[in-house]
There are 2 protein chains.
Amino acid sequence: MTLFEKHQTLIEQAIAAGKTRNFWTPYPENPKAYGEGIDETGKAAFSTQMTQNFTQLLQVGEAWVGEEFSPYLQLGIGVKYPQSNNDTLIARAAKAQEIWSKVGIDRRAGLLVESLERVKARFFEIAYATMHTTGQAFMMSFQASGPHANDRALEAIALGYQQITSIEPTAVWTKPMGKFDLTLQKNFKAMPKGVGLVIGCSTFPIWNTVPGMYANLICGNVCIVKPHPKAILPIAIVIAEIQKLLKENGIDPMVVQLAVDTVDAPVTKQLAENKNVKLIDFTGSSSFGDYIETLPSKTTFTEKAGVNCVILDSVKDIKAVAGNIAFSASLYSGQMCTAPQNIYIPATGIATAEGHLSYEDARNAIVQAITDLADNPKMGPHILGAIQSEATLTRLQNAGTMGGNLLLAGKAIANPEFEHARVFSPAVIELSSADESIYKKECFGPIVFIIKTRDTEESLHITKNLSIEIGAITCLAFCTESKTMSMIEDAMNQVYTPVSFNLGGAAFVNSHAAFSDFHVTGGNPAGNASFTNSDYITKRFVWVGNRKME
Amino acid sequence: MTLFEKHQTLIEQAIAAGKTRNFWTPYPENPKAYGEGIDETGKAAFSTQMTQNFTQLLQVGEAWVGEEFSPYLQLGIGVKYPQSNNDTLIARAAKAQEIWSKVGIDRRAGLLVESLERVKARFFEIAYATMHTTGQAFMMSFQASGPHANDRALEAIALGYQQITSIEPTAVWTKPMGKFDLTLQKNFKAMPKGVGLVIGCSTFPIWNTVPGMYANLICGNVCIVKPHPKAILPIAIVIAEIQKLLKENGIDPMVVQLAVDTVDAPVTKQLAENKNVKLIDFTGSSSFGDYIETLPSKTTFTEKAGVNCVILDSVKDIKAVAGNIAFSASLYSGQMCTAPQNIYIPATGIATAEGHLSYEDARNAIVQAITDLADNPKMGPHILGAIQSEATLTRLQNAGTMGGNLLLAGKAIANPEFEHARVFSPAVIELSSADESIYKKECFGPIVFIIKTRDTEESLHITKNLSIEIGAITCLAFCTESKTMSMIEDAMNQVYTPVSFNLGGAAFVNSHAAFSDFHVTGGNPAGNASFTNSDYITKRFVWVGNRKME
């Protein structure tokens, strides 16, 4: 049985799931579904790796480099990775490209899905690696870097398989010409564009990296992954598994390579500008993303910064709504690209099922819910996670000087397991709609603005303009009137921003499920690509058709 | 019965044809298939239009503008078109956009296929309009601007329909959460990018324009078509038919508008740079195409210049091969983007079924075949057509001063029907592989280079490098050894250039059939887009998904 035969049904299910967009996943998100004792084994593997060189890669380096730092331990984790100069990486990639582009689509698909099985066996180890580089709490580390990342990877593989097999590889073309027929033999090839560079971010080192990486690989492109210098280990484990699997199958493992650098000696621009690099996937700041997008002769896929807004128009139950918003704003301390930042409440207040609620009461309900969540020792540390970078912490600590009315200052929260963990509750600042200079930009991390507007029309107007000018990945609206809901949906969709209405219970705006939700639309300044629409795939290869007369 | 129901089967057949890529068309290319008397009616309609204002459009202009010139009559055709300033065009487009984007995909598809039926009824009139603007001979005018253009338009509509219906518009997403289920209502919308500008060329005013125009329209984008000032009438007729049909169906006809200008007062750049223009399709020169591609914040689809090569390695029958090359180089006097320009013959000659043939004999066979075709009064004028522009004629007349050895000078050829027709035979210049400065660029029109190379490896090396540096739309190779064929195909496909092998009979490298051949790969400098692959469609809209909790 080939690997393709082994995984064919799964690929077909994934393609079908992408069409119907109902819930589907082959990777349970509940850690307990993976069996007894696995957690401990994974934790032990991570502990053993700490302070050691990472020797699982099949690529040789000229130096050992690493400077990751655990937001929980407030210590460097001490893992070093083989570093090669860029010319070596590119030369190895070019050599591997010749081989990989000749591996047929079925075999590529089989190998890549198999690699996800290998990664699945290391979900716990990856979770701890994610936790101690990004500051995510355990549950998010497990889910985002484990099953949810595998979902997104499988989505890219399945869509790639679907696109590349969407036309027949050969045809006998017979044109009736009256007295005779004209016949040509034709073939059609999806030619890979070449070496892909995938640039990772510090907060989601796997979830944001594997879609581009697997999309490159399924289309026959080789891939160099350059993670953020502060979040290497999680993706290094994934790359090691792929390299090992490729080698076992007699394929040059340099089809995918890890490139490492340090904050002080970055290599990303030099790699990105290399003429052999044809494809670039990037997650990170808008300024670097804009630079990537304007590089000549590159096909780029970016996810940059945006400002996600919450429009409060009318609610059934303010307590539930405030709780939902508080959770979304607190989750991983707002260090998610989907975290809400700006919350608009009309000065005249909002309608609720229990009657009218003043602006002040609505505002206070949100502040209270954020406080309650942070102060609840069974919730706070497990939702907030830890602050990944010094810069984010500094921003939080300076929130009082940004302007506006500081409703809630960020304060240190104890983590029962890690004494030194960098955990803080979010700051909440009250602004008026005139305070554009403050709220019209992304303030990455746990800073929330509550903005008093004239009415929902103004809230929507600001939200829409932010999408146009700054970009937005998502928008959350609370509204019980269907006409107003349509108005909001139409306006935001026109600027290529999705809207989530009236979320509650276990539904949070932060989550984008593979096979169903598009992550980033690619239509506003928050990014030029989308996990995972068809051109996320089709831009990575070129159809070429040949004709032959017998 | 809705228009969609009327045409649904055709759309499904077109989608299926694009998958299997066998021969398929609903529009016969033989003029006789369209019935008796239609030719005469069409010719009369064209004659009546000459010297008159074109009043069939539903758009109002501020001035009447037109300066088309018949290469057959050597006279202006005297048709003037309503010209509006760009702001008016954009304002009308923006207004129509609001309406068109709310017309559902089924209705859009039905209307657009119906418009092709309306256009079909005017194929002959369009053919004469094409003839007397581009200089194409009648048969090419009929086929390229009639059935073949409709094929390409239908291909774009069908692929658009396929892409936009590729995911379900709504989903009930139910995620099992253990003790309970989490349910969200979702919808998914293909949001159009906005106003599209389609910039036409002087030689194929319909065939090169309708793919982008219909691709825009099926995706819900409105469209402004800016034809070349010397080739307006053919596409004006098509636009008039669409406008009329839209109006009949209660839809703002400004969904598609004609923009006209003159050579001395061009409006294209101003339109292209307008912030409301989101999509640009362009066919024309590399310099203007490069400008279009680098405009910020636009999605662009370009077909630029390239150099198409012929590699002579080994043949069965040199006479048949020389005849095939002569035909391809002479067809419409080489004024096709798919016309071969550079013909490489090894200095040591080539193998044939009848034994070895010297370089000189192979070269002479091609020159003889070109001469024979041009000098045959039953063939010459009907294949050559007329020279569209003064610049092309001047280039031909100066061919003797380009360098190399002028094997054959272009000479005037009589057209039995049009005494003053600008008809010339191709010039053939002999070069060595060292003469890069001469052959390493496009010399648009009837100029052919025969280049003596060391061997087929050198021929291939030059051909491949031309694709990388200058771009190529196609490549023709004659080779009887399967190993060498594979070498040529692999090398050229790597630089995203299709190869046609051993064409003969009625098969010519110039032809790219809809539903089967990709026209331009988009992977080399000859253009960044392809008729019609999926991202030709998917780049024109943005998927946006909304979620709602009930």
# chains A, B, ... in the order shown; residues from 1 in each chain; ligands from 1

$ residues_around --residues "region 23-31 of chain B" --least-positions-apart "3" --cutoff "7 Å" --atoms "only C-alpha atoms" --output "number ranges by chain"
A: 173-175; B: 17, 34, 143, 147, 151, 515-516

$ select_by_dssp --residues "region 428-489 of chain A" --states "alpha helix (DSSP H)" --output "list in words"
Glu436, Ser437, Ile438, Tyr439, Thr456, Glu457, Glu458, Ser459, Leu460, His461, Ile462, Thr463, Lys464, Asn465, Leu466, Ser467, Ile468, Glu469, Ser482, Lys483, Thr484, Met485, Ser486, Met487, Ile488 and Glu489 of chain A

$ select_by_dssp --residues "region 31-183 of chain B" --states "strand (DSSP E or B)" --output "list in words"
Asn53, Ala63, Trp64, Val65, Phe69, Ser70, Leu75, Gly76, Lys80, Tyr81, Pro82, Gln83, Thr170, Ala171, Val172, Trp173, Thr174, Lys175, Pro176, Asp181, Leu182 and Thr183 of chain B

$ interface_residues --of "chain B" --to "chain A" --cutoff "8 Å" --atoms "only C-alpha atoms" --output "PyMOL selection string"
chain B and resi 18-23+166-168+171-175+182+191+489+493-494+496-507+517-518+521-523+533-535+538-539+542-550

$ closest_atom_pairs --of "region 227-286 of chain A" --to "region 196-214 of chain A" --cutoff "7 Å" --atoms "only C-alpha atoms" --output "JSON lines"
{"residue": "A:Pro227", "atom": "CA", "partner": "A:Gly200", "partner_atom": "CA", "distance": 4.2}
{"residue": "A:His228", "atom": "CA", "partner": "A:Cys201", "partner_atom": "CA", "distance": 5.1}
{"residue": "A:Lys230", "atom": "CA", "partner": "A:Ser202", "partner_atom": "CA", "distance": 6.0}
{"residue": "A:Ala231", "atom": "CA", "partner": "A:Ser202", "partner_atom": "CA", "distance": 5.3}
{"residue": "A:Pro234", "atom": "CA", "partner": "A:Ile206", "partner_atom": "CA", "distance": 6.6}
{"residue": "A:Ile235", "atom": "CA", "partner": "A:Ile206", "partner_atom": "CA", "distance": 5.6}
{"residue": "A:Ala272", "atom": "CA", "partner": "A:Leu197", "partner_atom": "CA", "distance": 7.0}
{"residue": "A:Val277", "atom": "CA", "partner": "A:Gly196", "partner_atom": "CA", "distance": 5.8}
{"residue": "A:Lys278", "atom": "CA", "partner": "A:Gly196", "partner_atom": "CA", "distance": 6.0}
{"residue": "A:Leu279", "atom": "CA", "partner": "A:Gly196", "partner_atom": "CA", "distance": 4.4}
{"residue": "A:Ile280", "atom": "CA", "partner": "A:Leu197", "partner_atom": "CA", "distance": 4.8}
{"residue": "A:Asp281", "atom": "CA", "partner": "A:Val198", "partner_atom": "CA", "distance": 4.6}
{"residue": "A:Phe282", "atom": "CA", "partner": "A:Ile199", "partner_atom": "CA", "distance": 4.8}
{"residue": "A:Thr283", "atom": "CA", "partner": "A:Cys201", "partner_atom": "CA", "distance": 5.7}
{"residue": "A:Gly284", "atom": "CA", "partner": "A:Cys201", "partner_atom": "CA", "distance": 5.7}

$ atom_distance --atom1 "CA of Cys219 (chain A)" --atom2 "CA of Ile292 (chain B)"
28.0 Å

$ closest_atom_pairs --of "region 41-143 of chain B" --to "region 404-425 of chain B" --cutoff "10 Å" --atoms "only C-alpha atoms" --output "Markdown table"
| residue | atom | partner | partner_atom | distance |
| --- | --- | --- | --- | --- |
| B:Ser70 | CA | B:Ala421 | CA | 8.5 |
| B:Pro71 | CA | B:Arg422 | CA | 5.7 |
| B:Tyr72 | CA | B:Ala421 | CA | 3.9 |
| B:Leu73 | CA | B:His420 | CA | 5.8 |
| B:Gln74 | CA | B:His420 | CA | 6.2 |
| B:Leu75 | CA | B:His420 | CA | 9.3 |
| B:Gly135 | CA | B:Arg422 | CA | 8.3 |

$ write_last_selection --atoms "N, CA, C and O atoms" --output "compact mmCIF listing (two decimals), in the first residue's frame"
# COMPACT_ATOMS: atom_id res chain seq x y z
N SER B 70 -8.59 51.58 -42.26
CA SER B 70 -8.61 50.24 -42.85
C SER B 70 -7.31 49.94 -43.58
O SER B 70 -6.97 50.62 -44.56
N PRO B 71 -6.58 48.92 -43.15
CA PRO B 71 -5.36 48.53 -43.87
C PRO B 71 -5.68 48.00 -45.27
O PRO B 71 -4.78 47.94 -46.12
N TYR B 72 -6.93 47.64 -45.51
CA TYR B 72 -7.31 47.15 -46.83
C TYR B 72 -7.67 48.28 -47.78
O TYR B 72 -7.36 48.25 -48.96
N LEU B 73 -8.38 49.27 -47.23
CA LEU B 73 -8.84 50.38 -48.08
C LEU B 73 -7.84 51.52 -48.11
O LEU B 73 -7.91 52.38 -48.97
N GLN B 74 -6.95 51.53 -47.09
CA GLN B 74 -6.05 52.67 -46.90
C GLN B 74 -6.86 53.97 -46.76
O GLN B 74 -6.52 55.01 -47.31
N LEU B 75 -7.94 53.81 -46.01
CA LEU B 75 -8.85 54.94 -45.74
C LEU B 75 -9.32 54.84 -44.28
O LEU B 75 -9.43 53.73 -43.75
N GLY B 135 -6.54 44.53 -40.15
CA GLY B 135 -5.85 44.00 -41.33
C GLY B 135 -5.88 42.48 -41.41
O GLY B 135 -5.32 41.91 -42.35

$ residues_around --residues "Ile366 (chain B)" --least-positions-apart "4" --cutoff "10 Å" --atoms "only C-alpha atoms" --output "list in words"
Ile318, Lys319, Ala320, Val321, Ala322, Gly323, Asn324, Ile325, Ala326, Ile343, Asp361, Ala362, Ile370, Thr371, Asp372, Val428 and Ile450 of chain B

$ write_last_selection --atoms "N, CA and C atoms" --output "PDB file, in the first residue's frame"
ATOM      1  N   ILE B 318      11.089  17.369 -44.762  1.00  0.00           N
ATOM      2  CA  ILE B 318      11.471  18.783 -44.656  1.00  0.00           C
ATOM      3  C   ILE B 318      10.486  19.687 -45.381  1.00  0.00           C
ATOM      4  N   LYS B 319       9.899  19.182 -46.471  1.00  0.00           N
ATOM      5  CA  LYS B 319       8.978  20.017 -47.232  1.00  0.00           C
ATOM      6  C   LYS B 319       7.734  20.354 -46.385  1.00  0.00           C
ATOM      7  N   ALA B 320       7.213  19.327 -45.747  1.00  0.00           N
ATOM      8  CA  ALA B 320       6.033  19.547 -44.886  1.00  0.00           C
ATOM      9  C   ALA B 320       6.378  20.478 -43.724  1.00  0.00           C
ATOM     10  N   VAL B 321       7.548  20.261 -43.145  1.00  0.00           N
ATOM     11  CA  VAL B 321       7.967  21.089 -42.013  1.00  0.00           C
ATOM     12  C   VAL B 321       8.170  22.537 -42.449  1.00  0.00           C
ATOM     13  N   ALA B 322       8.858  22.733 -43.571  1.00  0.00           N
ATOM     14  CA  ALA B 322       9.087  24.093 -44.071  1.00  0.00           C
ATOM     15  C   ALA B 322       7.755  24.773 -44.365  1.00  0.00           C
ATOM     16  N   GLY B 323       6.813  24.005 -44.914  1.00  0.00           N
ATOM     17  CA  GLY B 323       5.490  24.555 -45.216  1.00  0.00           C
ATOM     18  C   GLY B 323       4.769  24.962 -43.941  1.00  0.00           C
ATOM     19  N   ASN B 324       4.892  24.131 -42.918  1.00  0.00           N
ATOM     20  CA  ASN B 324       4.229  24.446 -41.642  1.00  0.00           C
ATOM     21  C   ASN B 324       4.810  25.708 -41.025  1.00  0.00           C
ATOM     22  N   ILE B 325       6.136  25.805 -41.023  1.00  0.00           N
ATOM     23  CA  ILE B 325       6.790  26.997 -40.461  1.00  0.00           C
ATOM     24  C   ILE B 325       6.422  28.231 -41.281  1.00  0.00           C
ATOM     25  N   ALA B 326       6.460  28.099 -42.606  1.00  0.00           N
ATOM     26  CA  ALA B 326       6.147  29.237 -43.477  1.00  0.00           C
ATOM     27  C   ALA B 326       4.740  29.751 -43.207  1.00  0.00           C
ATOM     28  N   ILE B 343      14.142  30.961 -35.808  1.00  0.00           N
ATOM     29  CA  ILE B 343      14.207  29.554 -36.223  1.00  0.00           C
ATOM     30  C   ILE B 343      15.660  29.099 -36.134  1.00  0.00           C
ATOM     31  N   ASP B 361      20.470  23.488 -46.979  1.00  0.00           N
ATOM     32  CA  ASP B 361      19.266  22.943 -47.617  1.00  0.00           C
ATOM     33  C   ASP B 361      18.030  23.134 -46.729  1.00  0.00           C
ATOM     34  N   ALA B 362      18.212  22.977 -45.440  1.00  0.00           N
ATOM     35  CA  ALA B 362      17.079  23.179 -44.522  1.00  0.00           C
ATOM     36  C   ALA B 362      16.652  24.649 -44.552  1.00  0.00           C
ATOM     37  N   ILE B 370       8.277  30.020 -47.692  1.00  0.00           N
ATOM     38  CA  ILE B 370       7.723  31.358 -47.417  1.00  0.00           C
ATOM     39  C   ILE B 370       7.470  32.090 -48.733  1.00  0.00           C
ATOM     40  N   THR B 371       8.423  31.989 -49.658  1.00  0.00           N
ATOM     41  CA  THR B 371       8.268  32.621 -50.978  1.00  0.00           C
ATOM     42  C   THR B 371       7.074  32.025 -51.724  1.00  0.00           C
ATOM     43  N   ASP B 372       7.012  30.701 -51.739  1.00  0.00           N
ATOM     44  CA  ASP B 372       5.927  30.019 -52.472  1.00  0.00           C
ATOM     45  C   ASP B 372       4.558  30.427 -51.942  1.00  0.00           C
ATOM     46  N   VAL B 428      13.145  37.495 -44.403  1.00  0.00           N
ATOM     47  CA  VAL B 428      13.887  36.453 -43.691  1.00  0.00           C
ATOM     48  C   VAL B 428      15.351  36.877 -43.596  1.00  0.00           C
ATOM     49  N   ILE B 450      16.483  33.253 -39.262  1.00  0.00           N
ATOM     50  CA  ILE B 450      16.997  31.880 -39.282  1.00  0.00           C
ATOM     51  C   ILE B 450      18.385  31.941 -38.670  1.00  0.00           C
TER      52      ILE B 450
END

$ atom_distance --atom1 "CA of Ile470 (chain A)" --atom2 "CA of Asn364 (chain A)"
28.1 Å

$ atom_distance --atom1 "CA of Ala121 (chain A)" --atom2 "CA of Phe54 (chain A)"
18.2 Å

$ residues_around --residues "Thr262 (chain B)" --least-positions-apart "6" --cutoff "8 Å" --atoms "only C-alpha atoms" --output "list in words"
Val65, Gly66, Glu67 and Pro229 of chain B

$ write_last_selection --atoms "all heavy atoms" --output "short mmCIF file (atom, residue, chain, number, x, y, z; two decimals), in the first residue's frame"
data_model
loop_
_atom_site.label_atom_id
_atom_site.label_comp_id
_atom_site.auth_asym_id
_atom_site.auth_seq_id
_atom_site.Cartn_x
_atom_site.Cartn_y
_atom_site.Cartn_z
N VAL B 65 -15.60 60.58 -31.00
CA VAL B 65 -14.18 60.39 -31.27
C VAL B 65 -13.97 59.09 -32.04
O VAL B 65 -14.62 58.09 -31.76
CB VAL B 65 -13.40 60.32 -29.93
CG1 VAL B 65 -12.00 59.77 -30.12
CG2 VAL B 65 -13.36 61.70 -29.28
N GLY B 66 -13.04 59.12 -33.02
CA GLY B 66 -12.73 57.89 -33.74
C GLY B 66 -11.70 58.16 -34.82
O GLY B 66 -11.80 59.20 -35.50
N GLU B 67 -10.74 57.27 -34.96
CA GLU B 67 -9.71 57.48 -35.98
C GLU B 67 -9.21 56.14 -36.52
O GLU B 67 -8.05 55.99 -36.85
CB GLU B 67 -8.55 58.30 -35.41
CG GLU B 67 -7.95 57.71 -34.14
CD GLU B 67 -6.78 58.54 -33.58
OE1 GLU B 67 -6.73 59.76 -33.79
OE2 GLU B 67 -5.91 57.90 -32.94
N PRO B 229 -7.03 52.73 -29.92
CA PRO B 229 -7.77 53.71 -30.75
C PRO B 229 -7.90 53.31 -32.22
O PRO B 229 -8.77 53.83 -32.92
CB PRO B 229 -6.95 55.00 -30.59
CG PRO B 229 -5.66 54.62 -29.93
CD PRO B 229 -5.92 53.34 -29.20
#

$ closest_residue --among "A:Asp87, A:Glu481, A:Glu436, A:Glu293" --to "Leu271 (chain A)" --atoms "only C-alpha atoms"
A:Asp87
